[in-house]
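K.L.:
Contents of coords04.cif (mmCIF, C-alpha atoms and all ligand atoms) are below:
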data_protein
loop_
_atom_site.label_atom_id
_atom_site.label_comp_id
_atom_site.auth_asym_id
_atom_site.auth_seq_id
_atom_site.Cartn_x
_atom_site.Cartn_y
_atom_site.Cartn_z
CA MET A 66 136.78 75.97 -49.63
CA THR A 67 138.59 78.00 -52.30
CA GLN A 68 138.68 81.77 -51.94
CA SER A 69 137.23 83.67 -54.90
CA VAL A 70 139.82 85.61 -56.90
CA PRO A 71 139.06 89.34 -57.01
CA LYS A 72 137.96 90.64 -60.38
CA VAL A 73 140.45 93.45 -60.04
CA PRO A 74 143.26 92.76 -57.57
CA PHE A 75 145.28 95.69 -56.29
CA VAL A 76 148.42 94.25 -57.87
CA ASP A 77 148.86 91.14 -60.03
CA LEU A 78 152.39 90.03 -60.86
CA THR A 79 151.45 86.91 -62.85
CA TRP A 80 151.18 88.87 -66.10
CA GLN A 81 154.80 90.05 -65.88
CA HIS A 82 156.17 86.74 -64.57
CA GLU A 83 154.43 84.33 -66.93
CA PRO A 84 156.34 85.20 -70.15
CA ILE A 85 159.72 85.04 -68.35
CA ARG A 86 159.00 82.08 -66.07
CA ASP A 87 161.47 79.76 -67.91
CA ASP A 88 164.13 82.48 -68.02
CA ILE A 89 163.73 83.04 -64.27
CA HIS A 90 164.12 79.33 -63.57
CA ALA A 91 167.22 79.21 -65.80
CA ALA A 92 168.75 82.28 -64.10
CA LEU A 93 168.15 80.85 -60.63
CA THR A 94 169.58 77.49 -61.68
CA ALA A 95 172.66 79.20 -63.08
CA VAL A 96 173.32 80.88 -59.70
CA LEU A 97 172.80 77.55 -57.96
CA GLU A 98 175.33 75.90 -60.24
CA GLN A 99 177.85 78.75 -60.05
CA GLY A 100 177.46 78.99 -56.30
CA ASP A 101 178.25 82.72 -56.23
CA PHE A 102 175.39 83.38 -53.83
CA VAL A 103 176.83 86.48 -52.14
CA LEU A 104 177.98 89.46 -54.21
CA GLY A 105 178.12 87.28 -57.30
CA GLY A 106 178.39 88.20 -60.97
CA ALA A 107 174.68 88.98 -61.34
CA VAL A 108 174.92 91.65 -58.61
CA LYS A 109 177.76 93.47 -60.34
CA ALA A 110 176.00 93.23 -63.71
CA PHE A 111 172.78 94.62 -62.25
CA GLU A 112 174.52 97.45 -60.38
CA THR A 113 176.11 98.62 -63.63
CA ALA A 114 172.98 98.19 -65.75
CA PHE A 115 170.63 99.95 -63.32
CA ALA A 116 173.01 102.87 -62.75
CA GLU A 117 173.39 103.27 -66.52
CA ALA A 118 169.62 103.11 -67.06
CA THR A 119 169.03 106.01 -64.68
CA GLY A 120 172.01 108.20 -65.48
CA ALA A 121 173.90 107.67 -62.22
CA ALA A 122 177.61 106.87 -62.20
CA TYR A 123 177.65 104.07 -59.57
CA GLY A 124 175.27 101.48 -58.17
CA VAL A 125 175.68 99.53 -54.92
CA GLY A 126 173.19 96.70 -54.34
CA VAL A 127 171.94 96.36 -50.76
CA GLY A 128 169.42 94.25 -48.85
CA CYS A 129 166.42 96.63 -49.16
CA GLY A 130 165.43 100.22 -49.86
CA THR A 131 165.47 101.16 -46.18
CA ASP A 132 169.12 100.09 -45.93
CA ALA A 133 169.91 102.03 -49.11
CA ILE A 134 168.66 105.19 -47.35
CA ALA A 135 170.36 104.51 -44.00
CA LEU A 136 173.73 103.39 -45.39
CA GLY A 137 173.64 105.85 -48.28
CA LEU A 138 173.07 108.88 -46.04
CA ALA A 139 175.86 107.71 -43.73
CA ALA A 140 178.16 107.29 -46.74
CA CYS A 141 177.30 110.87 -47.74
CA GLY A 142 178.61 111.99 -44.36
CA ILE A 143 175.18 112.73 -42.88
CA GLY A 144 174.87 111.82 -39.21
CA PRO A 145 174.30 113.05 -35.66
CA GLY A 146 173.80 116.80 -35.38
CA ASP A 147 172.61 117.12 -38.99
CA GLU A 148 169.04 118.00 -39.87
CA VAL A 149 167.50 116.26 -42.86
CA LEU A 150 164.27 117.45 -44.53
CA LEU A 151 161.67 114.90 -45.61
CA PRO A 152 157.97 114.98 -46.52
CA ALA A 153 155.46 114.19 -43.79
CA ASN A 154 153.49 111.91 -46.09
CA THR A 155 155.76 109.13 -47.18
CA PHE A 156 156.17 105.49 -46.32
CA VAL A 157 157.69 105.23 -42.85
CA ALA A 158 160.88 103.68 -44.28
CA THR A 159 162.08 107.13 -45.41
CA LEU A 160 161.96 108.27 -41.79
CA ILE A 161 163.50 105.06 -40.44
CA GLY A 162 166.42 105.33 -42.87
CA ILE A 163 167.14 108.91 -41.79
CA LEU A 164 166.90 108.03 -38.10
CA ARG A 165 169.28 105.10 -38.59
CA SER A 166 171.88 107.41 -40.11
CA GLY A 167 171.83 109.28 -36.79
CA ALA A 168 170.55 112.52 -38.34
CA THR A 169 167.54 114.50 -37.07
CA PRO A 170 164.50 114.24 -39.38
CA ILE A 171 162.63 117.50 -40.03
CA PHE A 172 159.23 117.01 -41.61
CA VAL A 173 157.88 119.26 -44.34
CA ASP A 174 154.28 119.51 -45.57
CA CYS A 175 153.27 118.50 -49.08
CA ASP A 176 151.30 119.82 -52.01
CA ARG A 177 147.69 118.65 -51.72
CA HIS A 178 147.31 118.14 -55.51
CA THR A 179 150.42 116.03 -56.15
CA ALA A 180 151.20 114.70 -52.65
CA LEU A 181 154.85 115.66 -53.28
CA ILE A 182 156.99 117.65 -50.85
CA ASP A 183 156.23 121.39 -50.90
CA LEU A 184 159.56 122.96 -51.83
CA ALA A 185 158.58 126.42 -50.52
CA ALA A 186 157.76 124.84 -47.15
CA ALA A 187 161.09 122.97 -47.33
CA ALA A 188 162.95 126.25 -47.85
CA ALA A 189 161.15 127.70 -44.83
CA ALA A 190 162.23 124.72 -42.68
CA VAL A 191 165.96 125.18 -43.36
CA THR A 192 168.10 126.06 -40.33
CA ALA A 193 171.84 126.39 -39.78
CA GLN A 194 171.92 122.63 -39.06
CA THR A 195 170.13 121.51 -42.24
CA ARG A 196 172.48 119.43 -44.35
CA ALA A 197 170.26 117.46 -46.70
CA ILE A 198 166.83 117.02 -48.25
CA VAL A 199 165.32 113.60 -48.96
CA PRO A 200 162.63 114.22 -51.58
CA VAL A 201 160.34 111.23 -52.10
CA HIS A 202 159.24 110.64 -55.69
CA LEU A 203 155.92 109.43 -54.36
CA TYR A 204 153.49 107.21 -56.31
CA GLY A 205 155.93 107.23 -59.28
CA GLN A 206 156.09 110.98 -59.88
CA MET A 207 159.32 112.89 -59.41
CA VAL A 208 159.67 116.05 -57.38
CA SER A 209 160.79 118.78 -59.82
CA PRO A 210 164.58 118.37 -60.39
CA SER A 211 165.04 122.07 -61.16
CA GLY A 212 163.08 123.07 -58.05
CA LEU A 213 165.15 120.71 -55.93
CA ARG A 214 168.45 121.90 -57.35
CA GLN A 215 167.50 125.55 -56.86
CA LEU A 216 166.66 124.88 -53.23
CA ALA A 217 169.82 122.83 -52.69
CA THR A 218 172.04 125.49 -54.22
CA ALA A 219 170.40 128.33 -52.29
CA HIS A 220 170.86 126.56 -48.94
CA ASP A 221 173.90 124.39 -49.63
CA LEU A 222 171.96 121.13 -49.16
CA LEU A 223 172.76 117.66 -50.34
CA ILE A 224 169.95 116.01 -52.34
CA PHE A 225 169.38 112.35 -51.47
CA GLU A 226 166.42 111.00 -53.45
CA ASP A 227 164.05 108.39 -52.09
CA ALA A 228 163.18 106.83 -55.46
CA ALA A 229 161.74 103.60 -54.03
CA GLN A 230 158.50 104.18 -56.00
CA ALA A 231 159.98 105.74 -59.12
CA HIS A 232 162.10 103.31 -61.18
CA LEU A 233 162.91 105.06 -64.48
CA ALA A 234 160.55 107.95 -63.73
CA GLU A 235 161.49 111.11 -65.58
CA ARG A 236 160.85 114.83 -65.25
CA GLU A 237 162.44 117.80 -67.03
CA GLY A 238 164.59 115.32 -68.98
CA ILE A 239 166.17 113.83 -65.83
CA ARG A 240 165.58 110.38 -64.40
CA ALA A 241 164.88 109.55 -60.77
CA GLY A 242 168.20 108.70 -59.19
CA ALA A 243 170.20 111.24 -61.18
CA VAL A 244 168.97 114.49 -59.62
CA GLY A 245 171.20 114.75 -56.60
CA THR A 246 174.29 113.33 -54.96
CA ALA A 247 172.73 109.94 -54.24
CA ALA A 248 169.46 108.01 -54.38
CA ALA A 249 167.83 104.93 -52.87
CA PHE A 250 165.61 102.39 -54.65
CA SER A 251 163.64 99.41 -53.34
CA PHE A 252 163.01 96.18 -55.26
CA TYR A 253 160.23 94.94 -52.99
CA PRO A 254 158.23 92.54 -55.23
CA SER A 255 155.32 94.89 -55.99
CA LYS A 256 157.54 97.83 -56.95
CA ASN A 257 157.70 98.82 -60.65
CA LEU A 258 160.93 96.82 -60.76
CA GLY A 259 160.50 94.09 -58.19
CA ALA A 260 162.63 91.17 -57.07
CA ILE A 261 161.21 87.88 -55.80
CA GLY A 262 162.02 88.96 -52.26
CA ASP A 263 163.66 92.03 -50.74
CA GLY A 264 166.33 94.09 -52.44
CA GLY A 265 167.56 97.65 -52.86
CA ILE A 266 170.24 99.79 -54.44
CA LEU A 267 172.11 102.99 -53.69
CA LEU A 268 172.92 105.08 -56.74
CA THR A 269 175.40 107.91 -56.65
CA GLN A 270 177.43 110.21 -58.85
CA GLU A 271 180.44 110.06 -56.50
CA GLU A 272 183.01 107.27 -56.36
CA LEU A 273 183.82 107.82 -52.69
CA ILE A 274 180.14 107.50 -51.65
CA ALA A 275 179.86 104.28 -53.68
CA GLN A 276 183.03 102.90 -52.07
CA THR A 277 181.89 103.78 -48.56
CA THR A 278 178.45 102.21 -49.14
CA ARG A 279 180.12 99.05 -50.50
CA SER A 280 182.09 98.86 -47.30
CA LEU A 281 179.09 99.68 -45.04
CA ARG A 282 176.98 96.90 -46.61
CA ASN A 283 179.77 94.40 -45.93
CA TYR A 284 180.55 94.78 -42.19
CA GLY A 285 182.44 98.04 -42.81
CA ALA A 286 185.25 96.12 -44.51
CA VAL A 287 187.37 97.57 -47.30
CA ARG A 288 188.86 94.16 -47.87
CA LYS A 289 188.38 90.80 -46.22
CA TYR A 290 188.85 90.99 -42.43
CA PHE A 291 189.96 94.64 -42.56
CA HIS A 292 187.25 96.96 -41.21
CA THR A 293 187.37 100.74 -41.52
CA GLU A 294 183.69 101.73 -41.05
CA PRO A 295 182.28 101.32 -37.54
CA GLY A 296 178.71 101.72 -38.89
CA GLY A 297 179.02 98.65 -41.09
CA THR A 298 176.39 95.94 -41.28
CA ASN A 299 175.42 92.95 -43.41
CA SER A 300 173.12 94.18 -46.19
CA ARG A 301 173.95 92.92 -49.66
CA LEU A 302 171.68 92.54 -52.67
CA ASP A 303 171.29 88.79 -53.02
CA THR A 304 172.74 87.23 -56.19
CA LEU A 305 169.52 85.26 -56.81
CA GLN A 306 167.51 88.49 -56.59
CA ALA A 307 169.94 90.32 -58.87
CA SER A 308 169.67 87.54 -61.47
CA VAL A 309 165.89 88.10 -61.62
CA LEU A 310 166.26 91.90 -61.68
CA ASN A 311 168.66 91.56 -64.65
CA LEU A 312 165.93 89.74 -66.55
CA LYS A 313 163.26 92.28 -65.67
CA LEU A 314 165.18 95.53 -66.21
CA PRO A 315 164.99 95.51 -70.06
CA ARG A 316 161.21 95.04 -69.80
CA LEU A 317 160.70 97.88 -67.32
CA PRO A 318 160.22 100.73 -69.85
CA GLY A 319 157.35 98.78 -71.49
CA TRP A 320 155.78 98.00 -68.11
CA ASN A 321 156.00 101.64 -67.06
CA GLN A 322 154.40 102.69 -70.34
CA ALA A 323 151.55 100.24 -69.73
CA ARG A 324 151.01 101.76 -66.26
CA ASN A 325 150.96 105.24 -67.77
CA GLN A 326 148.34 104.18 -70.32
CA ILE A 327 146.08 102.72 -67.64
CA ALA A 328 146.48 105.95 -65.67
CA GLN A 329 145.49 108.02 -68.71
CA HIS A 330 142.40 105.87 -69.13
CA TYR A 331 141.51 106.30 -65.46
CA ASP A 332 142.11 110.07 -65.75
CA GLN A 333 139.82 110.41 -68.78
CA GLN A 334 137.02 108.29 -67.38
CA LEU A 335 137.18 109.98 -63.98
CA LEU A 336 136.65 113.45 -65.50
CA ALA A 337 132.91 112.80 -65.38
CA LEU A 338 133.13 112.22 -61.62
CA ARG A 339 134.83 115.51 -60.73
CA GLU A 340 131.44 117.01 -59.96
CA PHE A 341 131.13 114.32 -57.27
CA GLY A 342 134.40 115.38 -55.66
CA ILE A 343 136.53 112.53 -57.06
CA ILE A 344 139.86 114.11 -58.05
CA PRO A 345 142.87 112.15 -59.32
CA MET A 346 146.31 113.23 -58.12
CA ARG A 347 147.76 115.73 -60.58
CA ASN A 348 150.35 114.53 -63.06
CA ASP A 349 152.93 117.29 -63.58
CA SER A 350 155.35 115.09 -65.49
CA GLY A 351 153.34 113.59 -68.38
CA ALA A 352 154.82 110.36 -69.73
CA GLY A 353 157.59 110.53 -67.12
CA HIS A 354 155.16 109.56 -64.34
CA VAL A 355 155.59 105.81 -63.81
CA TYR A 356 152.46 105.35 -61.67
CA HIS A 357 153.69 103.01 -59.00
CA LEU A 358 150.30 103.85 -57.53
CA TYR A 359 147.21 105.49 -59.01
CA VAL A 360 145.75 107.68 -56.30
CA ILE A 361 142.50 109.64 -56.20
CA ARG A 362 141.21 112.10 -53.61
CA ILE A 363 137.74 111.65 -52.18
CA THR A 364 137.17 115.31 -51.39
CA GLU A 365 134.54 116.83 -49.11
CA ASP A 366 132.32 117.41 -52.17
CA CYS A 367 131.85 113.67 -52.50
CA PRO A 368 128.42 112.51 -51.31
CA ILE A 369 129.87 109.35 -49.71
CA ASP A 370 132.92 108.91 -47.54
CA ARG A 371 136.04 106.90 -48.31
CA THR A 372 135.12 103.93 -46.15
CA ALA A 373 131.74 103.62 -47.86
CA LEU A 374 133.39 103.86 -51.26
CA GLN A 375 135.91 101.16 -50.36
CA LEU A 376 133.04 98.93 -49.27
CA VAL A 377 131.29 99.37 -52.61
CA LEU A 378 134.55 98.54 -54.40
CA GLN A 379 134.90 95.46 -52.24
CA GLU A 380 131.36 94.41 -53.16
CA HIS A 381 132.46 94.64 -56.79
CA GLN A 382 135.50 92.46 -56.01
CA ILE A 383 137.88 95.37 -56.47
CA GLN A 384 140.80 95.78 -54.09
CA SER A 385 141.95 99.25 -53.06
CA GLY A 386 144.51 100.71 -50.64
CA ILE A 387 145.47 103.84 -48.70
CA HIS A 388 149.03 105.14 -49.04
CA TYR A 389 149.25 106.16 -46.27
CA PRO A 390 146.50 106.37 -43.63
CA VAL A 391 148.63 107.91 -40.83
CA PRO A 392 151.35 110.47 -41.56
CA CYS A 393 154.83 109.66 -40.26
CA HIS A 394 154.88 112.48 -37.70
CA LEU A 395 151.74 111.11 -36.01
CA GLN A 396 152.83 107.46 -35.88
CA PRO A 397 152.96 106.21 -32.26
CA ALA A 398 156.56 105.01 -32.64
CA PHE A 399 157.79 108.53 -33.38
CA GLN A 400 156.07 110.54 -30.65
CA PHE A 401 159.52 111.30 -29.30
CA LEU A 402 159.99 113.66 -32.26
CA ASN A 403 157.32 115.86 -30.61
CA TYR A 404 155.06 116.68 -33.52
CA GLN A 405 151.35 117.35 -32.87
CA PRO A 406 148.21 116.89 -35.00
CA GLY A 407 147.83 120.03 -37.10
CA SER A 408 151.59 120.40 -37.71
CA PHE A 409 151.24 119.54 -41.42
CA PRO A 410 147.67 120.29 -42.51
CA GLN A 411 148.00 119.26 -46.17
CA SER A 412 149.60 115.90 -45.39
CA GLU A 413 147.12 115.21 -42.62
CA ALA A 414 144.16 116.11 -44.87
CA LEU A 415 145.55 113.91 -47.65
CA CYS A 416 145.73 110.91 -45.34
CA GLN A 417 141.98 111.27 -44.83
CA GLU A 418 141.02 111.64 -48.48
CA ILE A 419 143.36 109.50 -50.60
CA LEU A 420 142.49 106.15 -52.13
CA SER A 421 144.76 104.00 -54.30
CA LEU A 422 143.05 102.13 -57.13
CA PRO A 423 144.31 98.90 -58.73
CA MET A 424 147.34 99.56 -60.94
CA TYR A 425 149.75 97.14 -62.58
CA PRO A 426 150.99 96.43 -66.08
CA GLY A 427 148.74 93.81 -67.60
CA MET A 428 145.60 95.30 -66.10
CA THR A 429 143.00 95.50 -68.88
CA THR A 430 140.89 98.44 -69.99
CA GLU A 431 137.85 96.34 -69.06
CA GLN A 432 139.16 96.00 -65.52
CA ALA A 433 139.79 99.76 -65.30
CA ASP A 434 136.27 100.38 -66.61
CA TRP A 435 134.88 98.02 -64.00
CA VAL A 436 136.63 100.08 -61.30
CA ILE A 437 135.31 103.36 -62.73
CA SER A 438 131.77 102.05 -63.03
CA ALA A 439 131.85 100.88 -59.41
CA ILE A 440 133.03 104.32 -58.26
CA ALA A 441 130.39 106.03 -60.43
CA GLN A 442 127.69 103.83 -59.00
CA ALA A 443 128.87 104.52 -55.46
CA VAL A 444 129.05 108.30 -55.75
CA ARG A 445 125.75 108.48 -57.61
CA GLN A 446 124.38 106.25 -54.87
CA GLU A 447 122.71 103.96 -57.38
CA PRO A 448 121.63 100.50 -56.32
CA ILE A 449 123.54 97.63 -57.89
CA CYS A 450 121.85 96.88 -61.23
CA GLU A 451 120.89 93.39 -62.33
CA GLU A 452 123.74 93.18 -64.83
CA THR A 453 126.23 94.08 -62.11
CA ALA A 454 124.72 91.65 -59.69
CA THR A 455 125.06 88.88 -62.30
CA ALA A 456 128.65 89.88 -63.04
CA LEU A 457 129.35 89.71 -59.31
CA GLN A 458 128.48 86.05 -59.11
CA PRO A 459 131.61 84.16 -58.00
CA GLN A 460 133.48 82.80 -61.03
C1 LIG B 1 158.87 105.66 -50.39
C2 LIG B 1 159.58 104.44 -49.90
N1 LIG B 1 160.77 104.58 -49.29
C3 LIG B 1 161.47 103.51 -48.84
C4 LIG B 1 160.98 102.23 -48.97
C5 LIG B 1 161.72 101.10 -48.35
O1 LIG B 1 162.06 100.07 -49.20
P1 LIG B 1 162.18 98.56 -48.64
O2 LIG B 1 160.81 98.07 -48.35
O3 LIG B 1 162.84 97.84 -49.76
O4 LIG B 1 163.04 98.62 -47.44
C6 LIG B 1 159.75 102.04 -49.61
C7 LIG B 1 159.24 100.67 -49.85
O5 LIG B 1 158.30 100.15 -49.48
C8 LIG B 1 159.02 103.17 -50.07
O6 LIG B 1 157.83 103.03 -50.67
#
For this file, produce the structure as structure tokens.

P.N.:
Amino acid sequence: MTQSVPKVPFVDLTWQHEPIRDDIHAALTAVLEQGDFVLGGAVKAFETAFAEATGAAYGVGVGCGTDAIALGLAACGIGPGDEVLLPANTFVATLIGILRSGATPIFVDCDRHTALIDLAAAAAAVTAQTRAIVPVHLYGQMVSPSGLRQLATAHDLLIFEDAAQAHLAEREGIRAGAVGTAAAFSFYPSKNLGAIGDGGILLTQEELIAQTTRSLRNYGAVRKYFHTEPGGTNSRLDTLQASVLNLKLPRLPGWNQARNQIAQHYDQQLLALREFGIIPMRNDSGAGHVYHLYVIRITEDCPIDRTALQLVLQEHQIQSGIHYPVPCHLQPAFQFLNYQPGSFPQSEALCQEILSLPMYPGMTTEQADWVISAIAQAVRQEPICEETATALQPQ
């Protein structure tokens, strides 16, 4: 029995892969023929191109975004005894990366309307041990660069951006990855710039940090069989992955623009549903928001709850997601950090009310309208009309 394809999947990569399918095959074949599988030419080319595209001086390709955080922080000299600020609502990898560097993570609450770290709360969390802040440019929107720099200057903090969801995002004329001393990106396939497997990169403005990360990703070796970094591991961006990323990078601005247009359409159409308590996350950065995710809040004014709404979407063959349902500080694995429910009210409330709608370049206006009409129908608690029922017939 074949499974029916959803009318609106959460993410669909076929649209971006189809036009470059032959180029991808040719690039992979070239690596196969050259045989430079580890730290080959495509990796170096991508490191340079991606750093240039963001405004950073150096790029060091690693195995995944989590490794970029862990190795990058260590290369910045952050480790045991240092406190590092991070938002409570982020993907758990931000926390794991900080813990792996040996530093102590200190959670900070977020702004309910943007889901980004609350910089006033961050300032209040600074102690004599605080060495760094890891802002997360969540859902594709950057934390204010000027706000971050002010905070960093006032408290002598290093800024290490988690830009895993913000490839080529921009705010106040600065791109994600160029705000602070260093930044981490992920190339997980569904990211705005995705590989065909795992991948990541550390960007930095400082040569020494780049050099140290290069050594850390390669068993702590500065040259073959000569090891200077005890924290070294094996985490290199694969040449095959880099060859695909090189093909995709020039297309990324267009893909981001397409995401932004879909988001604007969602925003406009959802205005009519504000009275039902459906509120999109606020965009404070205009065209610079790259909408890795399009997230709405189902507030207490909404006549139906999130689970019911998701069910209606499912009935309309629309996939949705929650990013993220449990905040990091309340995850069972991290109880040893001793945070309690109620520690970060805004983040905890957000986890209950957020819903991510389908978002990917190539998504059509008709698909977005289908999503909106399903939400409208759900919140107005209308029965499914005949036309909808017919449209719902498996294709
Ligand atoms: C905010 C954030 N940080 C870090 C990561 C980790 O990246 P990776 O999955 O490549 O290790 C991700 C990716 O999922 C992420 O969304």

K.L.:
Between A:Leu138, A:Ala433, A:Ala118, A:Ala243, single out the one closest to Arg316 of chain A, counting all atoms listed in the file.

P.N.:
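Going through A:Leu138, A:Ala433, A:Ala118, A:Ala243 one by one, the smallest distance to Arg316 of chain A is for A:Ala118.
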
K.L.:
Neighbours of ligand LIG 1 (chain B) within 8 Å, counting all atoms listed in the file, as JSON, numbers by chain?

P.N.:
{"A": [128, 129, 130, 131, 132, 133, 134, 155, 156, 157, 158, 159, 162, 201, 202, 203, 227, 228, 229, 230, 249, 250, 251, 252, 253, 256, 263, 264, 265]}

K.L.:
Between A:Ala247, A:Ala185, A:Leu136, A:Val199, which is the closest to Ala122 of chain A once you count all atoms listed in the file?

P.N.:
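Smallest distance to Ala122 of chain A is found for A:Ala247.
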
K.L.:
Env of Gly386 of chain A: 7 Å cut, atoms = all atoms listed in the file, seq-sep filter 4 positions within chain, self excluded. Answer as a list in words.

P.N.:
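Close residues of Gly386 of chain A: Leu420, Ser421 and Leu422 of chain A.
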
K.L.:
Distance atom CA of Gly100 of chain A-atom CA of Thr298 of chain A, one decimal place?

P.N.:
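Separating atom CA of Gly100 of chain A from atom CA of Thr298 of chain A is a distance of 22.7 Å.
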
K.L.:
Have a look at atom CA of Tyr404 of chain A and atom CA of Gly212 of chain A and let me know their distance in Å, one decimal.

P.N.:
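So the two atoms, atom CA of Tyr404 of chain A and atom CA of Gly212 of chain A, lie 26.6 Å apart.
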
K.L.:
Mind checking which residues fall within 10 Å of Ile261 of chain A, counting all atoms listed in the file, ignoring those fewer than 5 positions away in the same chain, and posting them as a list of chain:residue names?

P.N.:
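Selected residues are A:Phe252, A:Tyr253, A:Pro254, A:Ser255, A:Leu305, A:Gln306, A:Ala307, A:Val309, A:Leu310.
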
K.L.:
For atom CA of Tyr359 of chain A and atom CA of Asp176 of chain A, quote the distance in Å rounded to one decimal.

P.N.:
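Separation between atom CA of Tyr359 of chain A and atom CA of Asp176 of chain A: 16.5 Å.
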
K.L.:
Excluding Pro410 of chain A and its own-chain neighbours fewer than 5 positions away, which residues fall within 9 Å of it when counting all atoms listed in the file? Please give them as a VMD selection string.

P.N.:
chain A and resid 174 to 175 415

K.L.:
Taking all listed atoms of segment 225-232 of chain A, build the axis-aligned box, pad each of the six sides by 8 Å, then write its centre and edge lengths in Å to one decimal as JSON.

P.N.:
{"center_x": 163.9, "center_y": 107.8, "center_z": -56.3, "size_x": 26.9, "size_y": 25.0, "size_z": 25.7}

K.L.:
With all atoms listed in the file as the atoms that count, which of A:Arg196, A:Arg165, A:Arg282, A:Arg324 lies nearest to Met424 of chain A?

P.N.:
A:Arg324

K.L.:
Would you list the contacts of segment 268-275 of chain A as a PyMOL selection string, taking every protein, DNA or RNA residue within 7 Å and counting all atoms listed in the file, but skipping same-chain residues closer than 4 positions in sequence?

P.N.:
chain A and resi 116+121-125+140-141+242+246-249+279

K.L.:
Using all atoms listed in the file, find the one residue out of A:Ala91, A:Ala187, A:Leu376, A:Met346 that sits nearest to His220 of chain A.

P.N.:
A:Ala187

K.L.:
Calculated over only C-alpha atoms, which of the candidates A:Gly297, A:Pro397, A:Gly120, A:Pro170 has the smallest distance to Gly285 of chain A?

P.N.:
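Checking each candidate against Gly285 of chain A, we get A:Gly297 as the closest.
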
K.L.:
Compare A:Val173, A:Ala153, A:Leu233, A:Arg362 by their minimum atom-to-atom distance to Val391 of chain A, counting all atoms listed in the file, and give me the closest one.

P.N.:
A:Ala153

K.L.:
List as a ChimeraX atom specification the protein and nucleic acid residues near Ala197 of chain A, meaning an atom at most 10 Å away when all atoms listed in the file are counted, but skip any in the same chain fewer than 2 places from it.

P.N.:
/A:138,141,143,147-151,168,170,191,194-195,199-200,217,220-225

K.L.:
Can you find the residues with an atom no farther than 8 Å from (143.3, 109.5, -46.0), counting only C-alpha atoms, and report them as a PyMOL selection string?

P.N.:
chain A and resi 387-391+413-420
